[in-house]
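**Student:** Below you will find the structure I want to go over with you.
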Amino acid sequence: MIIRKTDDQIEKMAAAGAVHARCMKMLTSKVRPGVTTADLDEAAEKFIRSQGGVPTFKGFRGFPGSICASPNSMVVHGIPGPYTLEKGDIISIDIGVTLDGWVADGASTIPVGPIDETTQKLLTVTKESLDLAAAQMVPGNRVGDIGHAVQSHVEANGFSIIRTLVGHGVGQDMHEEPQIPNYGTAGRGPEIEEGMVFAIEPMVNVGGPHVYMDDDGWSVYSEDGSMAAHFEYTVAATADGPRILTPWDRD
């Protein structure tokens with residue numbers, strides 16, 4: 001069952017999303033060579049708690065971090081620790097914020113100084129695919145429209161959709177129905193209705209689409225070692241169109 005939110009509930013999620021956005025902007029400003037992923041995690045937890053929120057990920061199914069910090073060929077679910085950022089790296093930062101019982105979830109992939117042309121294109125195309133997908137959150141559209149928007153843009157630019165990782169509904173629980181694949185057929189799948197809120201999150205590899213899980217039971221890498229990008233918004237379908245509740249890229 002897909003849980004629809006009331007206007008008041010969406011406002012509560014937007015409040016969590018505002019904390020999320022400020023946290024992401026703060027962490028983005030800290031990304032530079034010499035910083036560890038543990039440094040970013042510590043800063044995120046301190047900030048989220050200072051805003052009255054709780055880091056959603058911390059303790060979730062035993063996950064030890066407040067954020068997921070995934071460098072280079074690591075796609076998602078990186079456990080923060082001693083990894084030290086280097087010039088030319090990229091780092092995918094995924095943040096969950098729970099505020100007054102409501103969750104906001106979003107991610108961005110950030111370059112560490114100058115990066116090569118192919119990796120920059122990966123980041124640009126993946127972010128563009130997120131924007132195209134978020135624009136599909138209109139009552140009357142279908143979940144397949146979201147995946148089709150991502151897939152068509154990513155594959156037209158020569159990159160690969162990771163098919164085993166998906167977005168999801170979000171609300172009082174971090175993972176709600178439905179699953180939101182980053183591929184699909186336009187006009188297919190459940191109908192999007194006013195009040196639905198989804199975490200839309202394209203995950204894209206430069207090389208092939210396959211991934212593997214590390215022995216830590218969390219970190220997911222591109223199977224061929226190619227660079228990977230992850231961008232995510234929490235988006236509500238409203239009578240006025242899509243509403244991005246985690247506007248980490250907006251002033």
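Labels for the structure tokens follow display order: chains A, B, ..., residues from 1 in each chain, ligands from 1.
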Quick one: residues within 9 Å of stretch 152-167 of chain A, only C-alpha atoms counted, chain neighbours fewer than 4 positions away excluded, as a PyMOL selection string?

**Tutor:** chain A and resi 121-122+125-126+128-129+132+147-148+175+178-183+198-211+222+232

**Student:** Include N, CA and C atoms and write out the residues we just selected as a CSV table (one decimal), in the first residue's frame.

**Tutor:**
chain,number,residue,atom,x,y,z
A,121,LYS,N,31.1,14.5,-16.6
A,121,LYS,CA,29.9,14.2,-17.3
A,121,LYS,C,29.0,13.2,-16.6
A,122,LEU,N,29.6,12.2,-15.9
A,122,LEU,CA,28.8,11.3,-15.1
A,122,LEU,C,27.9,12.1,-14.1
A,125,VAL,N,25.2,14.3,-15.9
A,125,VAL,CA,24.1,13.5,-16.5
A,125,VAL,C,23.2,12.9,-15.4
A,126,THR,N,23.8,12.4,-14.3
A,126,THR,CA,23.1,11.7,-13.2
A,126,THR,C,22.2,12.8,-12.5
A,128,GLU,N,21.1,15.6,-13.9
A,128,GLU,CA,20.0,15.9,-14.9
A,128,GLU,C,18.9,14.9,-14.9
A,129,SER,N,19.3,13.6,-14.8
A,129,SER,CA,18.3,12.5,-14.8
A,129,SER,C,17.4,12.6,-13.5
A,132,LEU,N,14.9,15.4,-14.2
A,132,LEU,CA,13.9,14.9,-15.2
A,132,LEU,C,12.9,13.9,-14.5
A,147,GLY,N,11.1,6.1,-13.7
A,147,GLY,CA,12.2,5.3,-14.2
A,147,GLY,C,12.6,5.5,-15.6
A,148,HIS,N,11.6,5.7,-16.5
A,148,HIS,CA,11.8,5.9,-17.9
A,148,HIS,C,12.6,7.2,-18.1
A,175,HIS,N,11.8,3.6,4.5
A,175,HIS,CA,11.4,2.8,3.3
A,175,HIS,C,10.0,2.4,3.4
A,178,PRO,N,6.0,2.6,-2.9
A,178,PRO,CA,6.5,1.6,-3.7
A,178,PRO,C,8.0,1.6,-3.9
A,179,GLN,N,8.5,0.6,-4.5
A,179,GLN,CA,9.9,0.7,-5.0
A,179,GLN,C,9.9,1.5,-6.3
A,180,ILE,N,11.0,2.3,-6.5
A,180,ILE,CA,11.1,3.2,-7.6
A,180,ILE,C,12.3,2.9,-8.4
A,181,PRO,N,12.2,1.9,-9.4
A,181,PRO,CA,13.4,1.6,-10.2
A,181,PRO,C,13.8,2.8,-11.0
A,182,ASN,N,15.1,2.8,-11.4
A,182,ASN,CA,15.6,3.9,-12.3
A,182,ASN,C,15.6,3.5,-13.8
A,183,TYR,N,14.7,2.6,-14.1
A,183,TYR,CA,14.4,2.2,-15.5
A,183,TYR,C,13.0,1.8,-15.5
A,198,PHE,N,8.0,10.3,-2.6
A,198,PHE,CA,8.9,9.3,-3.0
A,198,PHE,C,10.4,9.9,-2.8
A,199,ALA,N,11.3,9.0,-2.5
A,199,ALA,CA,12.7,9.2,-2.6
A,199,ALA,C,13.2,8.7,-3.9
A,200,ILE,N,13.5,9.7,-4.8
A,200,ILE,CA,13.9,9.3,-6.2
A,200,ILE,C,15.4,9.4,-6.2
A,201,GLU,N,16.1,8.4,-6.7
A,201,GLU,CA,17.6,8.4,-6.5
A,201,GLU,C,18.3,7.6,-7.6
A,202,PRO,N,18.6,8.3,-8.7
A,202,PRO,CA,19.3,7.6,-9.7
A,202,PRO,C,20.7,7.2,-9.2
A,203,MET,N,21.1,6.0,-9.5
A,203,MET,CA,22.4,5.4,-9.2
A,203,MET,C,23.0,4.9,-10.5
A,204,VAL,N,24.2,5.5,-10.9
A,204,VAL,CA,24.7,5.3,-12.3
A,204,VAL,C,26.1,5.0,-12.3
A,205,ASN,N,26.5,4.1,-13.2
A,205,ASN,CA,28.0,3.7,-13.3
A,205,ASN,C,28.5,4.3,-14.7
A,206,VAL,N,29.7,4.6,-14.7
A,206,VAL,CA,30.4,4.9,-16.0
A,206,VAL,C,30.4,3.7,-16.9
A,207,GLY,N,30.8,2.6,-16.3
A,207,GLY,CA,30.9,1.3,-17.0
A,207,GLY,C,29.6,0.5,-17.1
A,208,GLY,N,29.7,-0.8,-16.8
A,208,GLY,CA,28.6,-1.7,-16.8
A,208,GLY,C,27.6,-1.5,-15.7
A,209,PRO,N,26.5,-2.1,-15.7
A,209,PRO,CA,25.4,-1.9,-14.7
A,209,PRO,C,25.6,-2.7,-13.4
A,210,HIS,N,26.5,-3.6,-13.4
A,210,HIS,CA,26.6,-4.6,-12.3
A,210,HIS,C,27.3,-4.1,-11.1
A,211,VAL,N,26.9,-4.6,-9.9
A,211,VAL,CA,27.5,-4.1,-8.7
A,211,VAL,C,27.7,-5.3,-7.8
A,222,SER,N,30.6,-0.6,-7.9
A,222,SER,CA,30.5,-1.0,-9.3
A,222,SER,C,31.4,-2.2,-9.6
A,232,GLU,N,19.8,12.2,-5.1
A,232,GLU,CA,18.5,11.9,-4.6
A,232,GLU,C,17.8,13.1,-4.0

**Student:** Pick out the residues sitting within 12 Å of A:Phe57, and hand them over as a PyMOL selection string; count only C-alpha atoms, and ignore anything fewer than 4 positions along from it in its own chain.

**Tutor:** chain A and resi 41+44-45+48+53+61-69+77-80+94-98+103-106+173-175

**Student:** When distances are computed from only C-alpha atoms, which of A:Cys23, A:Ala43, A:Met213, A:Ile10 shows the smallest separation from A:Thr234?

**Tutor:**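 The shortest atom-to-atom distance to A:Thr234 comes from A:Ile10.
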
**Student:** Counting only C-alpha atoms, which of A:Leu40, A:Ile93, A:Val31, A:Ile3 gets nearest to A:Trp248?

**Tutor:**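 Looking at the shortest contact to A:Trp248, the residue is A:Ile93.
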
**Student:** From the DSSP assignment of the backbone, select every residue of stretch 49-160 of chain A that is strand (DSSP E or B), and format the answer as a ChimeraX atom specification.

**Tutor:** /A:54-55,67-71,74-76,84,90-99,102-111,142,160
